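Peer 1: Next up, model06.cif (mmCIF, C-alpha atoms).
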```cif
data_input
loop_
_atom_site.group_PDB
_atom_site.id
_atom_site.type_symbol
_atom_site.label_atom_id
_atom_site.label_comp_id
_atom_site.auth_asym_id
_atom_site.auth_seq_id
_atom_site.Cartn_x
_atom_site.Cartn_y
_atom_site.Cartn_z
ATOM 1 C CA MET A 1 -24.868 -46.631 85.206
ATOM 2 C CA ARG A 2 -21.298 -45.378 85.394
ATOM 3 C CA LEU A 3 -19.400 -48.135 87.125
ATOM 4 C CA GLN A 4 -16.398 -46.124 88.250
ATOM 5 C CA GLU A 5 -17.451 -42.598 89.211
ATOM 6 C CA ARG A 6 -14.614 -40.072 89.529
ATOM 7 C CA GLY A 7 -12.016 -42.821 89.455
ATOM 8 C CA LYS A 8 -13.105 -44.180 92.816
ATOM 9 C CA ILE A 9 -12.003 -47.821 92.945
ATOM 10 C CA SER A 10 -11.585 -48.699 96.618
ATOM 11 C CA GLY A 11 -12.985 -48.036 100.085
ATOM 12 C CA VAL A 12 -16.623 -47.878 101.130
ATOM 13 C CA ARG A 13 -18.983 -47.189 98.240
ATOM 14 C CA THR A 14 -22.720 -46.629 98.033
ATOM 15 C CA PHE A 15 -25.065 -47.837 95.300
ATOM 16 C CA PHE A 16 -28.774 -47.240 94.773
ATOM 17 C CA ALA A 17 -31.322 -49.009 92.568
ATOM 18 C CA PRO A 18 -34.901 -47.753 92.286
ATOM 19 C CA GLY A 19 -38.112 -49.691 92.241
ATOM 20 C CA ARG A 20 -40.546 -49.091 89.430
ATOM 21 C CA VAL A 21 -44.179 -48.302 88.768
ATOM 22 C CA ASN A 22 -45.598 -49.488 85.488
ATOM 23 C CA LEU A 23 -47.906 -46.869 84.024
ATOM 24 C CA ILE A 24 -49.336 -49.328 81.524
ATOM 25 C CA GLY A 25 -48.342 -52.525 79.733
ATOM 26 C CA GLU A 26 -49.064 -55.396 82.117
ATOM 27 C CA TYR A 27 -48.074 -58.950 81.166
ATOM 28 C CA THR A 28 -47.057 -57.751 77.700
ATOM 29 C CA ASP A 29 -43.363 -58.252 78.465
ATOM 30 C CA LEU A 30 -44.010 -61.980 78.853
ATOM 31 C CA VAL A 31 -44.585 -62.188 75.110
ATOM 32 C CA GLY A 32 -42.232 -59.479 73.808
ATOM 33 C CA GLY A 33 -44.732 -56.617 73.919
ATOM 34 C CA LEU A 34 -44.624 -52.936 74.867
ATOM 35 C CA VAL A 35 -44.359 -51.495 78.386
ATOM 36 C CA LEU A 36 -44.266 -48.001 79.874
ATOM 37 C CA PRO A 37 -42.701 -48.091 83.364
ATOM 38 C CA VAL A 38 -41.014 -45.372 85.402
ATOM 39 C CA ALA A 39 -38.202 -45.725 87.895
ATOM 40 C CA ILE A 40 -39.256 -44.146 91.183
ATOM 41 C CA ASP A 41 -37.515 -42.399 94.054
ATOM 42 C CA LEU A 42 -38.040 -45.362 96.384
ATOM 43 C CA GLY A 43 -35.461 -48.111 96.154
ATOM 44 C CA THR A 44 -32.693 -50.212 97.658
ATOM 45 C CA THR A 45 -29.311 -48.948 98.836
ATOM 46 C CA LEU A 46 -26.151 -50.994 99.287
ATOM 47 C CA VAL A 47 -23.196 -49.616 101.231
ATOM 48 C CA CYS A 48 -20.262 -51.935 100.630
ATOM 49 C CA GLU A 49 -16.554 -52.470 100.168
ATOM 50 C CA ARG A 50 -14.278 -55.003 98.552
ATOM 51 C CA ALA A 51 -13.834 -58.184 100.617
ATOM 52 C CA GLU A 52 -12.322 -61.642 100.563
ATOM 53 C CA GLN A 53 -15.736 -63.295 100.487
ATOM 54 C CA LEU A 54 -19.316 -62.224 99.888
ATOM 55 C CA GLU A 55 -20.931 -60.989 103.092
ATOM 56 C CA LEU A 56 -24.188 -59.022 102.958
ATOM 57 C CA ARG A 57 -26.610 -58.023 105.695
ATOM 58 C CA SER A 58 -30.151 -56.801 105.141
ATOM 59 C CA ALA A 59 -33.115 -55.483 107.062
ATOM 60 C CA ASP A 60 -35.296 -57.127 104.385
ATOM 61 C CA GLU A 61 -37.806 -59.346 106.166
ATOM 62 C CA ARG A 62 -38.553 -61.374 103.054
ATOM 63 C CA ALA A 63 -37.466 -64.968 103.494
ATOM 64 C CA GLY A 64 -34.953 -66.230 100.971
ATOM 65 C CA TRP A 65 -33.529 -62.894 99.805
ATOM 66 C CA LEU A 66 -30.046 -64.410 99.694
ATOM 67 C CA ARG A 67 -31.235 -66.674 96.870
ATOM 68 C CA TYR A 68 -31.481 -63.587 94.678
ATOM 69 C CA VAL A 69 -27.946 -62.536 95.609
ATOM 70 C CA ASP A 70 -26.518 -65.989 94.904
ATOM 71 C CA ALA A 71 -28.294 -66.115 91.547
ATOM 72 C CA VAL A 72 -26.946 -62.669 90.592
ATOM 73 C CA VAL A 73 -23.398 -63.770 91.434
ATOM 74 C CA HIS A 74 -23.842 -66.892 89.299
ATOM 75 C CA GLU A 75 -25.108 -64.958 86.278
ATOM 76 C CA LEU A 76 -22.346 -62.360 86.491
ATOM 77 C CA ASP A 77 -19.745 -65.107 86.773
ATOM 78 C CA ALA A 78 -21.167 -66.522 83.532
ATOM 79 C CA LEU A 79 -20.632 -63.135 81.869
ATOM 80 C CA GLY A 80 -16.970 -63.212 82.878
ATOM 81 C CA ARG A 81 -16.933 -60.897 85.877
ATOM 82 C CA PRO A 82 -13.728 -61.276 87.906
ATOM 83 C CA SER A 83 -14.244 -63.100 91.207
ATOM 84 C CA VAL A 84 -14.161 -60.061 93.475
ATOM 85 C CA ALA A 85 -16.373 -60.226 96.575
ATOM 86 C CA ILE A 86 -18.041 -57.469 98.590
ATOM 87 C CA ARG A 87 -19.050 -56.907 102.195
ATOM 88 C CA GLY A 88 -21.952 -54.582 102.902
ATOM 89 C CA THR A 89 -25.385 -53.658 104.203
ATOM 90 C CA LEU A 90 -28.650 -53.422 102.273
ATOM 91 C CA THR A 91 -31.498 -51.092 103.200
ATOM 92 C CA SER A 92 -34.708 -50.366 101.321
ATOM 93 C CA THR A 93 -37.544 -47.865 101.225
ATOM 94 C CA LEU A 94 -39.647 -50.157 99.017
ATOM 95 C CA PRO A 95 -42.623 -51.949 100.574
ATOM 96 C CA ILE A 96 -42.448 -55.717 100.055
ATOM 97 C CA GLY A 97 -45.311 -57.286 98.129
ATOM 98 C CA ALA A 98 -46.769 -54.011 96.828
ATOM 99 C CA GLY A 99 -45.848 -54.597 93.201
ATOM 100 C CA LEU A 100 -43.047 -52.004 93.063
ATOM 101 C CA SER A 101 -40.344 -54.489 92.047
ATOM 102 C CA SER A 102 -38.440 -54.739 95.295
ATOM 103 C CA SER A 103 -36.830 -57.966 94.063
ATOM 104 C CA ALA A 104 -35.570 -56.313 90.869
ATOM 105 C CA ALA A 105 -34.156 -53.391 92.877
ATOM 106 C CA LEU A 106 -32.289 -55.880 95.064
ATOM 107 C CA GLU A 107 -30.897 -57.686 92.021
ATOM 108 C CA VAL A 108 -29.908 -54.454 90.301
ATOM 109 C CA VAL A 109 -28.164 -52.840 93.259
ATOM 110 C CA VAL A 110 -26.195 -56.009 94.006
ATOM 111 C CA GLY A 111 -25.363 -56.529 90.340
ATOM 112 C CA CYS A 112 -24.184 -52.942 89.894
ATOM 113 C CA ALA A 113 -22.049 -53.064 93.034
ATOM 114 C CA LEU A 114 -20.434 -56.371 92.094
ATOM 115 C CA CYS A 115 -19.606 -55.075 88.626
ATOM 116 C CA ALA A 116 -18.299 -51.734 89.872
ATOM 117 C CA ILE A 117 -16.108 -53.160 92.631
ATOM 118 C CA ALA A 118 -14.592 -55.587 90.116
ATOM 119 C CA GLY A 119 -14.159 -52.893 87.446
ATOM 120 C CA PHE A 120 -16.305 -54.996 85.119
ATOM 121 C CA GLU A 121 -18.135 -53.018 82.428
ATOM 122 C CA VAL A 122 -21.440 -54.338 81.109
ATOM 123 C CA GLU A 123 -24.115 -52.616 79.042
ATOM 124 C CA PRO A 124 -27.353 -51.886 80.941
ATOM 125 C CA LEU A 125 -29.599 -54.125 78.847
ATOM 126 C CA GLU A 126 -27.084 -56.974 78.931
ATOM 127 C CA LEU A 127 -27.029 -56.620 82.696
ATOM 128 C CA ALA A 128 -30.847 -56.501 82.763
ATOM 129 C CA GLN A 129 -31.011 -59.772 80.850
ATOM 130 C CA ALA A 130 -28.574 -61.422 83.248
ATOM 131 C CA LEU A 131 -30.542 -60.210 86.261
ATOM 132 C CA ARG A 132 -33.776 -61.445 84.733
ATOM 133 C CA ARG A 133 -32.185 -64.887 84.441
ATOM 134 C CA ALA A 134 -31.124 -64.577 88.074
ATOM 135 C CA GLU A 135 -34.716 -63.951 89.166
ATOM 136 C CA HIS A 136 -35.881 -66.982 87.208
ATOM 137 C CA ALA A 137 -33.241 -69.099 88.919
ATOM 138 C CA ALA A 138 -33.945 -67.699 92.386
ATOM 139 C CA VAL A 139 -37.713 -68.144 92.524
ATOM 140 C CA GLY A 140 -38.722 -69.970 89.336
ATOM 141 C CA VAL A 141 -40.998 -67.154 88.141
ATOM 142 C CA PRO A 142 -40.998 -66.642 84.335
ATOM 143 C CA SER A 143 -41.010 -62.846 84.587
ATOM 144 C CA GLY A 144 -40.183 -60.462 81.764
ATOM 145 C CA ILE A 145 -37.335 -57.969 81.520
ATOM 146 C CA MET A 146 -39.327 -54.827 82.322
ATOM 147 C CA ASP A 147 -38.491 -54.532 86.027
ATOM 148 C CA GLN A 148 -34.721 -54.808 85.706
ATOM 149 C CA ALA A 149 -34.664 -52.593 82.592
ATOM 150 C CA ALA A 150 -36.711 -49.872 84.285
ATOM 151 C CA SER A 151 -34.464 -49.889 87.358
ATOM 152 C CA LEU A 152 -31.333 -49.589 85.218
ATOM 153 C CA LEU A 153 -32.550 -47.229 82.471
ATOM 154 C CA GLY A 154 -34.865 -44.895 84.383
ATOM 155 C CA ARG A 155 -34.571 -41.163 83.785
ATOM 156 C CA ALA A 156 -36.003 -38.418 85.990
ATOM 157 C CA GLY A 157 -39.213 -36.867 84.726
ATOM 158 C CA THR A 158 -39.837 -39.520 82.084
ATOM 159 C CA ALA A 159 -41.376 -42.891 81.461
ATOM 160 C CA LEU A 160 -39.493 -45.632 79.605
ATOM 161 C CA LEU A 161 -41.249 -46.816 76.450
ATOM 162 C CA LEU A 162 -39.645 -50.228 75.940
ATOM 163 C CA ASP A 163 -40.244 -52.848 73.290
ATOM 164 C CA THR A 164 -39.379 -55.987 75.244
ATOM 165 C CA GLY A 165 -39.025 -57.984 72.038
ATOM 166 C CA SER A 166 -36.473 -55.836 70.197
ATOM 167 C CA LEU A 167 -35.208 -54.056 73.379
ATOM 168 C CA ARG A 168 -35.517 -50.715 71.607
ATOM 169 C CA TYR A 169 -36.545 -47.920 73.916
ATOM 170 C CA GLU A 170 -37.220 -44.207 74.145
ATOM 171 C CA TYR A 171 -38.124 -41.757 76.878
ATOM 172 C CA VAL A 172 -41.549 -40.140 77.179
ATOM 173 C CA PRO A 173 -41.824 -36.947 79.266
ATOM 174 C CA ILE A 174 -44.350 -36.895 82.101
ATOM 175 C CA PRO A 175 -46.104 -33.533 82.577
ATOM 176 C CA PRO A 176 -44.400 -31.906 85.573
ATOM 177 C CA GLU A 177 -47.743 -30.934 87.128
ATOM 178 C CA LEU A 178 -48.592 -34.597 87.643
ATOM 179 C CA VAL A 179 -47.568 -36.766 90.602
ATOM 180 C CA LEU A 180 -47.619 -40.556 90.772
ATOM 181 C CA VAL A 181 -49.545 -41.804 93.784
ATOM 182 C CA VAL A 182 -49.170 -45.489 94.548
ATOM 183 C CA VAL A 183 -51.762 -46.935 96.909
ATOM 184 C CA ASP A 184 -50.948 -50.337 98.377
ATOM 185 C CA SER A 185 -54.004 -52.512 98.958
ATOM 186 C CA GLY A 186 -52.367 -54.281 101.892
ATOM 187 C CA VAL A 187 -52.963 -57.583 100.110
ATOM 188 C CA ALA A 188 -49.401 -58.820 99.805
ATOM 189 C CA ARG A 189 -48.573 -61.224 97.039
ATOM 190 C CA THR A 190 -45.563 -62.974 95.616
ATOM 191 C CA LEU A 191 -45.380 -63.767 91.942
ATOM 192 C CA ALA A 192 -44.151 -67.241 92.848
ATOM 193 C CA GLY A 193 -47.295 -67.884 94.858
ATOM 194 C CA SER A 194 -49.830 -66.298 92.502
ATOM 195 C CA GLY A 195 -51.338 -67.165 89.129
ATOM 196 C CA TYR A 196 -48.578 -65.296 87.283
ATOM 197 C CA ALA A 197 -46.942 -68.378 85.768
ATOM 198 C CA GLU A 198 -50.350 -69.760 84.829
ATOM 199 C CA ARG A 199 -51.161 -66.575 82.896
ATOM 200 C CA LYS A 200 -47.881 -66.898 81.025
ATOM 201 C CA ARG A 201 -48.734 -70.474 80.066
ATOM 202 C CA GLU A 202 -52.185 -69.381 78.914
ATOM 203 C CA LEU A 203 -50.707 -66.631 76.759
ATOM 204 C CA GLU A 204 -48.216 -69.018 75.181
ATOM 205 C CA ALA A 205 -51.035 -71.498 74.547
ATOM 206 C CA GLY A 206 -53.015 -68.842 72.676
ATOM 207 C CA ASP A 207 -55.975 -68.468 75.057
ATOM 208 C CA PRO A 208 -58.231 -65.966 73.213
ATOM 209 C CA ARG A 209 -59.209 -63.860 76.236
ATOM 210 C CA ARG A 210 -55.658 -63.613 77.529
ATOM 211 C CA LEU A 211 -54.341 -62.689 74.074
ATOM 212 C CA ARG A 212 -57.072 -60.097 73.672
ATOM 213 C CA HIS A 213 -55.705 -58.355 76.746
ATOM 214 C CA VAL A 214 -52.140 -58.322 75.418
ATOM 215 C CA GLU A 215 -53.134 -57.125 71.953
ATOM 216 C CA SER A 216 -55.291 -54.300 73.298
ATOM 217 C CA GLU A 217 -52.706 -53.449 75.969
ATOM 218 C CA ASN A 218 -49.964 -52.963 73.394
ATOM 219 C CA GLU A 219 -52.204 -50.433 71.643
ATOM 220 C CA ARG A 220 -52.896 -48.695 74.954
ATOM 221 C CA VAL A 221 -49.172 -48.366 75.723
ATOM 222 C CA LEU A 222 -48.612 -46.390 72.525
ATOM 223 C CA ALA A 223 -51.735 -44.336 73.123
ATOM 224 C CA VAL A 224 -50.731 -43.481 76.710
ATOM 225 C CA ALA A 225 -47.260 -42.438 75.543
ATOM 226 C CA GLU A 226 -48.838 -40.084 73.017
ATOM 227 C CA ALA A 227 -51.324 -38.761 75.587
ATOM 228 C CA LEU A 228 -48.452 -37.977 77.966
ATOM 229 C CA ARG A 229 -46.617 -36.113 75.211
ATOM 230 C CA ARG A 230 -49.757 -34.035 74.538
ATOM 231 C CA ASP A 231 -50.717 -33.803 78.234
ATOM 232 C CA ASP A 232 -54.151 -35.109 77.224
ATOM 233 C CA ARG A 233 -55.660 -35.918 80.599
ATOM 234 C CA THR A 234 -59.025 -37.013 79.282
ATOM 235 C CA ALA A 235 -57.331 -39.621 77.126
ATOM 236 C CA LEU A 236 -55.136 -40.761 80.014
ATOM 237 C CA GLY A 237 -58.168 -41.342 82.208
ATOM 238 C CA ALA A 238 -59.985 -43.364 79.556
ATOM 239 C CA LEU A 239 -56.913 -45.445 78.668
ATOM 240 C CA PHE A 240 -56.086 -46.301 82.273
ATOM 241 C CA ARG A 241 -59.717 -47.282 82.849
ATOM 242 C CA ALA A 242 -59.726 -49.541 79.786
ATOM 243 C CA GLY A 243 -56.435 -51.102 80.875
ATOM 244 C CA HIS A 244 -57.746 -51.893 84.348
ATOM 245 C CA GLU A 245 -60.967 -53.352 82.969
ATOM 246 C CA SER A 246 -58.973 -55.575 80.610
ATOM 247 C CA LEU A 247 -56.844 -56.805 83.511
ATOM 248 C CA ARG A 248 -60.010 -57.487 85.480
ATOM 249 C CA ASP A 249 -62.150 -59.092 82.764
ATOM 250 C CA ASP A 250 -59.810 -60.604 80.159
ATOM 251 C CA LEU A 251 -56.705 -61.433 82.199
ATOM 252 C CA GLU A 252 -58.475 -61.868 85.559
ATOM 253 C CA VAL A 253 -55.596 -60.726 87.759
ATOM 254 C CA THR A 254 -57.183 -57.933 89.796
ATOM 255 C CA THR A 255 -58.753 -58.393 93.231
ATOM 256 C CA PRO A 256 -61.820 -56.798 94.856
ATOM 257 C CA GLU A 257 -59.450 -54.610 96.890
ATOM 258 C CA LEU A 258 -57.651 -53.332 93.797
ATOM 259 C CA ASP A 259 -60.934 -52.709 91.994
ATOM 260 C CA ARG A 260 -62.209 -50.725 94.985
ATOM 261 C CA LEU A 261 -59.034 -48.652 95.192
ATOM 262 C CA VAL A 262 -59.281 -47.735 91.526
ATOM 263 C CA GLU A 263 -62.876 -46.579 92.002
ATOM 264 C CA LEU A 264 -61.939 -44.598 95.111
ATOM 265 C CA ALA A 265 -59.070 -42.960 93.226
ATOM 266 C CA ARG A 266 -61.386 -41.860 90.432
ATOM 267 C CA ALA A 267 -64.005 -40.638 92.905
ATOM 268 C CA ASN A 268 -61.365 -38.536 94.701
ATOM 269 C CA GLY A 269 -60.125 -36.716 91.634
ATOM 270 C CA ALA A 270 -57.435 -38.889 90.047
ATOM 271 C CA ILE A 271 -56.777 -38.006 86.433
ATOM 272 C CA ALA A 272 -56.127 -41.688 85.755
ATOM 273 C CA ALA A 273 -55.940 -44.835 87.893
ATOM 274 C CA ARG A 274 -55.364 -48.538 87.366
ATOM 275 C CA MET A 275 -53.844 -51.646 88.908
ATOM 276 C CA THR A 276 -50.077 -51.798 88.503
ATOM 277 C CA GLY A 277 -47.744 -54.793 88.640
ATOM 278 C CA GLY A 278 -48.513 -58.478 88.447
ATOM 279 C CA GLY A 279 -51.849 -58.326 90.245
ATOM 280 C CA PHE A 280 -53.331 -60.882 92.680
ATOM 281 C CA GLY A 281 -52.773 -58.182 95.322
ATOM 282 C CA GLY A 282 -50.334 -55.290 95.420
ATOM 283 C CA ALA A 283 -51.099 -51.710 94.458
ATOM 284 C CA ILE A 284 -52.712 -49.243 92.102
ATOM 285 C CA VAL A 285 -51.092 -46.230 90.463
ATOM 286 C CA ALA A 286 -52.883 -42.920 90.034
ATOM 287 C CA LEU A 287 -51.904 -39.777 88.160
ATOM 288 C CA VAL A 288 -52.856 -36.784 90.299
ATOM 289 C CA GLU A 289 -52.422 -33.017 90.150
ATOM 290 C CA ARG A 290 -49.379 -32.098 92.250
ATOM 291 C CA ALA A 291 -51.256 -29.505 94.302
ATOM 292 C CA ALA A 292 -53.948 -32.036 95.254
ATOM 293 C CA ALA A 293 -51.742 -35.096 95.808
ATOM 294 C CA ASP A 294 -51.430 -35.027 99.617
ATOM 295 C CA ARG A 295 -55.161 -34.582 100.149
ATOM 296 C CA PHE A 296 -55.928 -37.207 97.519
ATOM 297 C CA ALA A 297 -53.698 -39.793 99.201
ATOM 298 C CA ALA A 298 -55.158 -39.138 102.641
ATOM 299 C CA ASP A 299 -58.758 -39.281 101.408
ATOM 300 C CA VAL A 300 -58.306 -42.521 99.468
ATOM 301 C CA VAL A 301 -56.602 -44.287 102.363
ATOM 302 C CA ALA A 302 -59.221 -43.037 104.828
ATOM 303 C CA ALA A 303 -62.032 -44.330 102.617
ATOM 304 C CA TYR A 304 -60.309 -47.655 101.950
ATOM 305 C CA GLY A 305 -59.353 -48.571 105.496
ATOM 306 C CA ALA A 306 -56.430 -49.320 107.763
ATOM 307 C CA ARG A 307 -54.679 -51.742 105.401
ATOM 308 C CA GLY A 308 -54.118 -49.072 102.764
ATOM 309 C CA ARG A 309 -50.879 -47.133 102.408
ATOM 310 C CA ALA A 310 -50.184 -44.353 99.941
ATOM 311 C CA PHE A 311 -46.827 -43.292 98.520
ATOM 312 C CA LEU A 312 -46.298 -40.077 96.598
ATOM 313 C CA THR A 313 -43.489 -40.585 94.156
ATOM 314 C CA SER A 314 -42.097 -39.313 90.888
ATOM 315 C CA ALA A 315 -40.138 -40.573 87.907
ATOM 316 C CA ALA A 316 -36.502 -40.800 88.978
ATOM 317 C CA ASP A 317 -33.096 -41.694 87.603
ATOM 318 C CA GLY A 318 -32.078 -45.333 87.330
ATOM 319 C CA ALA A 319 -29.436 -47.288 89.231
ATOM 320 C CA ARG A 320 -26.327 -45.345 90.139
ATOM 321 C CA GLU A 321 -23.384 -45.012 92.438
ATOM 322 C CA ILE A 322 -23.832 -42.275 95.003
ATOM 323 C CA VAL A 323 -20.693 -40.189 95.362
ATOM 324 C CA GLY A 324 -20.085 -37.490 97.915
ATOM 325 C CA PRO A 325 -22.148 -36.267 100.873
#
```
Transcribe the structure of this file into structure tokens.
Peer 2:
Amino acid sequence: MRLQERGKISGVRTFFAPGRVNLIGEYTDLVGGLVLPVAIDLGTTLVCERAEQLELRSADERAGWLRYVDAVVHELDALGRPSVAIRGTLTSTLPIGAGLSSSAALEVVVGCALCAIAGFEVEPLELAQALRRAEHAAVGVPSGIMDQAASLLGRAGTALLLDTGSLRYEYVPIPPELVLVVVDSGVARTLAGSGYAERKRELEAGDPRRLRHVESENERVLAVAEALRRDDRTALGALFRAGHESLRDDLEVTTPELDRLVELARANGAIAARMTGGGFGGAIVALVERAAADRFAADVVAAYGARGRAFLTSAADGAREIVGP
């Protein structure tokens, strides 16, 4: 992100940070593995200005969102950011609890605004690491760096192939004929209240089934990246299926609702479909032909029931300051 666009250093400024959908690579970032997320065109916006003290308002109904803000301020102070406060309003198009990283988008947009208003330059991955620490402090969840990195580094039309151990990354083009359809199961979950931390402990302890998922998932990430480059839709379908089955059987983080949505997606013509995010609720992601995406979304939701919600989205640019009309 460019922190000072067109020399603008004062007055009301607008910042945006996207959520993310992970195409494949679940739980691998907890142990330094490979991930393949995309930033999406849904996200969180902060309209703000320099102030004497921090003062933010939000329409976010999630209890405790200010804990994230306070933790971000603390981590940026530790990096040496000048003590410059902001006053502003947060709005979001991201559904809470759907597994689209609404918390990371909040952290990123606040972090970017605080740095920009103070004229404090920080490299994207250094900022991502600080914001990851902020999330740990705010809610005690031992999450990986994928969400913050995807929100900061996203690029339109591409997925981010990130090695969360070395922090090396590259961009993988997504065939333009394909649309990402996210279908929310309506089963809200918070990582703090799920089995997420338990799975991390099991991975660190060397549980064979949990490790089998991570080892096979790392291979699938590379294979999906190559299939996207070749636009090999048969391979994409098989790899997404194998990834979902591994999450269901080896990691045990899916739910009956997520399993049903994946089957409905396949039955209604998805090229590929799988659970996305931390599981224990949340959403699936499907790759669908652009021309069929609206009908696909409507049919899947109708078959699933009233709790389901579908979002058509695409790979978008990462966090940025919005300048001009």
Peer 1: Excluding segment 143-154 of chain A and any residue of its chain fewer than 2 positions from it, enumerate the residues within 6 Å of it, using all atoms listed in the file, and give them as a VMD selection string.
Peer 2: chain A and resid 18 29 to 30 39 104 128 132 141 317 to 319
Peer 1: Go through the shown structure with the PyMOL selection byres ((chain A and resi 45-57) around 7) and write out the matching residues as a ChimeraX atom specification.
Peer 2: /A:11-17,43-44,58,85-92,109,117
Peer 1: With the PyMOL selection byres ((chain A and resi 255) around 10) as the selection, what would be picked from this file? Answer as a list in words, please.
Peer 2: Ser185, Val187, Arg248, Glu252, Val253, Thr254, Pro256, Glu257, Leu258, Asp259, Arg260, Leu261, Met275, Gly279, Phe280, Gly281 and Gly282 of chain A
Peer 1: Env of Ile271 of chain A: 6 Å cut, atoms = all atoms listed in the file, seq-sep filter 6 positions within chain, self excluded. Answer as a PyMOL selection string.
Peer 2: chain A and resi 237+287-288
Peer 1: Please report the interatomic distance between atom CA of Val139 of chain A and atom CA of Ala78 of chain A in Å with one decimal.
Peer 2: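 A separation of 18.9 Å between them.
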Peer 1: Excluding Ala225 of chain A and residues on its chain fewer than 2 positions from it, collect all residues at most 12 Å away from it, counting all atoms listed in the file, and give them as a VMD selection string.
Peer 2: chain A and resid 23 to 25 34 to 37 158 to 162 170 to 175 218 to 223 227 to 233 235 to 236 239 to 240
